[in-house]
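**Q** Following this line is work_5.tsv, made up of TSV, C-alpha atoms:
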```
chain	number	residue	atom	x	y	z
A	14	MET	CA	-43.04	89.97	63.70
A	15	PHE	CA	-43.87	86.83	61.72
A	16	ASP	CA	-42.00	83.71	62.80
A	17	PRO	CA	-42.20	81.06	60.06
A	18	THR	CA	-43.58	77.67	61.03
A	19	VAL	CA	-42.10	74.28	60.18
A	20	PHE	CA	-44.65	74.15	57.36
A	21	ASP	CA	-43.48	77.50	55.96
A	22	ASN	CA	-39.82	76.53	56.08
A	23	LEU	CA	-40.39	73.13	54.41
A	24	LYS	CA	-42.67	74.68	51.79
A	25	VAL	CA	-40.04	77.24	50.81
A	26	ALA	CA	-37.28	74.62	50.70
A	27	ILE	CA	-39.33	72.24	48.52
A	28	GLU	CA	-40.60	75.04	46.31
A	29	ASN	CA	-37.09	76.42	45.73
A	30	ALA	CA	-35.65	73.00	44.91
A	31	VAL	CA	-38.47	72.18	42.47
A	32	TYR	CA	-38.30	75.58	40.77
A	33	ASP	CA	-34.53	75.17	40.38
A	34	LEU	CA	-35.17	71.89	38.51
A	35	ASP	CA	-37.53	73.82	36.23
A	36	ASN	CA	-35.82	77.19	35.74
A	37	LEU	CA	-32.13	76.46	36.19
A	38	ASP	CA	-31.72	72.80	35.20
A	39	SER	CA	-34.61	72.60	32.68
A	40	ARG	CA	-35.24	68.98	33.70
A	41	ILE	CA	-38.90	69.42	34.58
A	42	GLU	CA	-41.88	71.59	33.76
A	43	ILE	CA	-44.13	72.74	36.59
A	44	THR	CA	-47.78	72.25	35.66
A	45	GLN	CA	-49.65	73.25	38.82
A	46	ARG	CA	-49.09	74.86	42.21
A	47	ILE	CA	-51.38	75.03	45.25
A	48	ASP	CA	-50.80	77.10	48.37
A	49	ARG	CA	-53.89	76.86	50.55
A	50	LEU	CA	-54.97	77.99	53.98
A	51	GLU	CA	-58.14	76.15	54.93
A	52	MET	CA	-59.83	78.51	57.37
A	53	SER	CA	-62.66	76.16	58.34
A	54	VAL	CA	-60.28	73.62	59.93
A	55	MET	CA	-57.18	75.83	60.25
A	56	SER	CA	-54.90	73.72	58.11
A	57	ARG	CA	-52.24	74.56	55.53
A	58	GLU	CA	-51.54	72.72	52.30
A	59	PHE	CA	-48.89	73.17	49.65
A	60	ALA	CA	-48.66	71.12	46.48
A	61	VAL	CA	-46.61	71.36	43.35
A	62	GLN	CA	-47.14	69.23	40.25
A	63	PHE	CA	-44.56	68.72	37.52
A	64	ARG	CA	-43.43	66.43	34.72
A	65	LEU	CA	-40.22	65.65	32.90
A	66	ARG	CA	-39.64	67.95	29.94
A	67	GLU	CA	-38.58	65.04	27.74
A	68	HIS	CA	-41.45	62.74	28.85
A	69	PRO	CA	-44.57	64.79	29.64
A	70	SER	CA	-47.11	61.94	29.87
A	71	VAL	CA	-46.58	61.20	33.60
A	72	THR	CA	-46.89	63.83	36.31
A	73	ALA	CA	-45.60	63.93	39.88
A	74	GLU	CA	-47.04	65.89	42.79
A	75	ILE	CA	-45.56	66.73	46.15
A	76	HIS	CA	-48.15	67.48	48.86
A	77	LEU	CA	-47.17	69.03	52.17
A	78	LYS	CA	-49.86	69.45	54.83
A	79	ALA	CA	-50.08	70.74	58.38
A	80	ASP	CA	-53.28	70.50	60.39
A	81	LEU	CA	-54.44	72.46	63.41
A	82	ASN	CA	-52.72	70.10	65.86
A	83	ASN	CA	-49.37	70.53	64.13
A	84	LEU	CA	-49.65	74.30	63.91
A	85	ALA	CA	-50.89	74.63	67.51
A	86	ALA	CA	-48.11	72.39	68.86
A	87	GLU	CA	-45.56	74.72	67.33
A	88	ILE	CA	-47.15	78.12	67.89
A	89	LEU	CA	-48.21	77.35	71.46
A	90	GLU	CA	-45.00	75.40	72.15
A	91	ILE	CA	-46.93	72.48	73.61
A	92	GLU	CA	-44.70	70.12	75.57
A	93	ASP	CA	-44.30	66.51	74.41
A	94	GLN	CA	-45.47	67.35	70.90
A	95	ILE	CA	-43.09	67.62	67.97
A	96	PRO	CA	-44.46	69.88	65.24
A	97	GLY	CA	-44.26	68.57	61.72
A	98	CYS	CA	-46.03	68.11	58.40
A	99	GLY	CA	-47.55	65.27	56.48
A	100	LEU	CA	-45.96	64.37	53.15
A	101	LEU	CA	-47.68	62.67	50.22
A	102	LEU	CA	-46.28	61.95	46.77
A	103	ARG	CA	-48.63	61.33	43.88
A	104	PHE	CA	-47.93	60.19	40.32
A	105	ASN	CA	-50.53	60.28	37.54
A	106	LYS	CA	-50.29	58.01	34.53
A	107	GLU	CA	-52.63	56.81	31.80
A	108	ILE	CA	-52.74	53.01	31.42
A	109	HIS	CA	-54.46	50.49	29.15
A	110	GLU	CA	-53.65	47.05	30.58
A	111	ILE	CA	-54.63	47.05	34.25
A	112	GLU	CA	-53.03	43.83	35.51
A	113	THR	CA	-49.78	44.08	33.58
A	114	GLN	CA	-49.13	47.78	34.03
A	115	CYS	CA	-50.29	48.04	37.66
A	116	ASN	CA	-48.09	45.09	38.67
A	117	ARG	CA	-45.12	46.64	36.87
A	118	ILE	CA	-45.78	50.03	38.50
A	119	GLU	CA	-45.91	48.45	41.96
A	120	ASP	CA	-42.60	46.64	41.30
A	121	ILE	CA	-40.94	49.87	40.12
A	122	LEU	CA	-42.10	51.92	43.09
A	123	THR	CA	-41.22	49.20	45.59
A	124	GLU	CA	-37.72	48.99	44.10
A	125	ILE	CA	-37.15	52.76	44.16
A	126	TRP	CA	-38.91	53.60	47.43
A	127	LYS	CA	-38.28	50.34	49.33
A	128	PRO	CA	-40.98	47.94	50.58
A	129	ASP	CA	-41.88	49.99	53.68
A	130	LEU	CA	-43.52	52.65	51.46
A	131	ARG	CA	-46.18	50.66	49.63
A	132	PRO	CA	-47.82	52.43	46.66
A	133	VAL	CA	-51.60	52.83	46.52
A	134	GLN	CA	-52.98	52.80	42.97
A	135	THR	CA	-56.43	54.20	42.25
A	136	LEU	CA	-57.86	53.71	38.77
A	137	SER	CA	-60.59	55.79	37.16
A	138	LEU	CA	-62.39	55.53	33.85
A	139	ILE	CA	-64.70	57.88	32.01
A	140	TYR	CA	-67.91	55.96	31.50
A	141	GLY	CA	-69.08	55.75	27.93
A	142	GLU	CA	-65.72	56.22	26.25
A	143	LYS	CA	-64.96	53.46	23.77
A	144	ALA	CA	-61.23	53.26	24.42
A	145	ALA	CA	-60.35	51.33	27.57
A	146	THR	CA	-58.06	53.99	29.00
A	147	TYR	CA	-57.67	54.35	32.75
A	148	GLN	CA	-56.19	57.16	34.80
A	149	ASN	CA	-53.91	55.67	37.44
A	150	ARG	CA	-53.29	57.83	40.50
A	151	ILE	CA	-50.36	56.33	42.38
A	152	GLU	CA	-49.79	57.58	45.91
A	153	LEU	CA	-46.94	57.14	48.33
A	154	ARG	CA	-48.06	58.05	51.82
A	155	PHE	CA	-45.33	58.62	54.35
A	156	SER	CA	-46.29	57.15	57.71
A	157	ARG	CA	-44.41	59.66	59.82
A	158	GLN	CA	-44.36	63.42	59.82
A	159	ILE	CA	-41.42	65.41	58.54
A	160	ASN	CA	-39.93	68.56	60.00
A	161	GLU	CA	-36.93	70.82	59.46
A	162	GLU	CA	-34.53	67.98	60.35
A	163	GLN	CA	-35.40	66.39	56.96
A	164	MET	CA	-34.64	69.53	54.90
A	165	GLU	CA	-31.30	68.19	53.78
A	166	ASP	CA	-33.14	65.12	52.36
A	167	ILE	CA	-35.12	67.22	49.85
A	168	PRO	CA	-32.58	66.93	46.98
A	169	GLU	CA	-32.48	63.14	47.40
A	170	LEU	CA	-36.29	63.01	47.57
A	171	LEU	CA	-36.49	64.94	44.30
A	172	GLU	CA	-33.96	62.63	42.62
A	173	HIS	CA	-36.10	59.64	43.66
A	174	ILE	CA	-39.16	61.39	42.20
A	175	LEU	CA	-37.34	62.08	38.92
A	176	LEU	CA	-36.18	58.46	38.73
A	177	THR	CA	-39.74	57.31	39.38
A	178	LEU	CA	-41.04	59.56	36.59
A	179	MET	CA	-38.44	58.17	34.18
A	180	GLU	CA	-39.32	54.57	35.05
A	181	LEU	CA	-43.09	55.13	34.93
A	182	ASN	CA	-42.73	56.59	31.44
A	183	LYS	CA	-41.32	53.23	30.31
A	184	VAL	CA	-44.40	51.28	31.47
```
With the file now loaded, output its structure as structure tokens.
**A**
Amino acid sequence: MFDPTVFDNLKVAIENAVYDLDNLDSRIEITQRIDRLEMSVMSREFAVQFRLREHPSVTAEIHLKADLNNLAAEILEIEDQIPGCGLLLRFNKEIHEIETQCNRIEDILTEIWKPDLRPVQTLSLIYGEKAATYQNRIELRFSRQINEEQMEDIPELLEHILLTLMELNKV
């Protein structure tokens, strides 16, 4: 019989909470979903991307990942290892004024997510386009792994993401 892993349980909890915000609450619109098993390195990845229905120009992504070490620690019940998953949040926004907007974005994310979770902004530009428009990929990388003990934090995590989306739409 199949015994779900920490990854499976967190994936289902996050997926259900996000789909409730889309289907039941109509606050967001899901734009992409990834559920991947990477056979070459035996890792699992789940990601869901969404945006606010009222402000569709900024997207948010939740990435959950478990590598071979995490899966083996759980399945093989290896002593002294706590199974868990990596968590990454990503926001995508188009910007025009690099210094002004990037500084404002960093201030917003630091205020919402606290200084210990520093945002990483990566800008890209399509060469040859006349308009100086940049894609800003903003990532929040959690330094520690999460496991089933953090399941009750998922609604609060989603509220922080929604607040971040609202604030980024104002920049």
**Q** Pick the closest to A:Ala30 from A:Glu124, A:Glu172, A:Glu112, A:Glu142: which is it, counting all atoms listed in the file?
**A**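 Counting all atoms listed in the file, the residue closest to A:Ala30 is A:Glu172.
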**Q** What's the 7 Å shell around A:Arg46, counting all atoms listed in the file, without same-chain residues fewer than 3 positions away, as an mmCIF file with C-alpha atoms, in the coordinates of the input?
**A**
```cif
data_model
loop_
_atom_site.group_PDB
_atom_site.id
_atom_site.type_symbol
_atom_site.label_atom_id
_atom_site.label_comp_id
_atom_site.auth_asym_id
_atom_site.auth_seq_id
_atom_site.Cartn_x
_atom_site.Cartn_y
_atom_site.Cartn_z
ATOM 1 C CA ALA A 60 -48.660 71.120 46.480
ATOM 2 C CA VAL A 61 -46.610 71.360 43.350
ATOM 3 C CA GLN A 62 -47.140 69.230 40.250
#
```
**Q** Give the answer as one residue: which of A:Leu181, A:Leu101, A:Leu84, A:Ile111 has the shortest atom-to-atom distance to A:Leu153, using all atoms listed in the file?
**A**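 Of all the options, A:Leu101 lies closest to A:Leu153.
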**Q** Atom CA of A:Ser70 and atom CA of A:Asn149 are how many Å apart?
**A**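 Atom CA of A:Asn149 lies 12.0 Å from atom CA of A:Ser70.
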**Q** Counting only C-alpha atoms, give me one row per residue of stretch 72-139 of chain A with an atom at most 7 Å from an atom of stretch 154-167 of chain A, showing the shortest contact pair and its distance in Å to one decimal, sorted by chain then residue number, as CSV.
**A**
```
residue,atom,partner,partner_atom,distance
A:Gly97,CA,A:Asn160,CA,4.7
A:Cys98,CA,A:Gln158,CA,5.2
A:Gly99,CA,A:Gln158,CA,5.0
A:Leu100,CA,A:Phe155,CA,5.9
A:Leu101,CA,A:Arg154,CA,4.9
A:Leu102,CA,A:Arg154,CA,6.6
A:Leu130,CA,A:Phe155,CA,6.9
```
**Q** Quick one: everything within 12 Å of A:Asp21, counting all atoms listed in the file, minus sequence neighbours fewer than 3 positions away in the same chain. Send it as a list of chain:residue names.
**A**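 What passes the distance filter is A:Phe15, A:Asp16, A:Pro17, A:Thr18, A:Lys24, A:Val25, A:Ala26, A:Ile27, A:Glu28, A:Asp48, A:Arg49, A:Leu50, A:Arg57, A:Glu58, A:Phe59, A:Leu77, A:Lys78, A:Ala79, A:Leu84, A:Glu87, A:Gly97, A:Cys98, A:Asn160, A:Glu161, A:Met164.
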**Q** Return as JSON the centre and edge lengths, in Å with one decimal, of the box along x, y and z that encloses every atom of stretch 133-140 of chain A in the file, padded by 3 Å per side.
**A**
```
{"center_x": -59.8, "center_y": 55.3, "center_z": 39.0, "size_x": 22.3, "size_y": 11.1, "size_z": 21.0}
```
**Q** For A:Asp38, which residue out of A:Ser56, A:Arg66, A:His109, A:Leu170 is the nearest one, using all atoms listed in the file?
**A**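 Of A:Ser56, A:Arg66, A:His109, A:Leu170, the one nearest A:Asp38, counting all atoms listed in the file, is A:Arg66.
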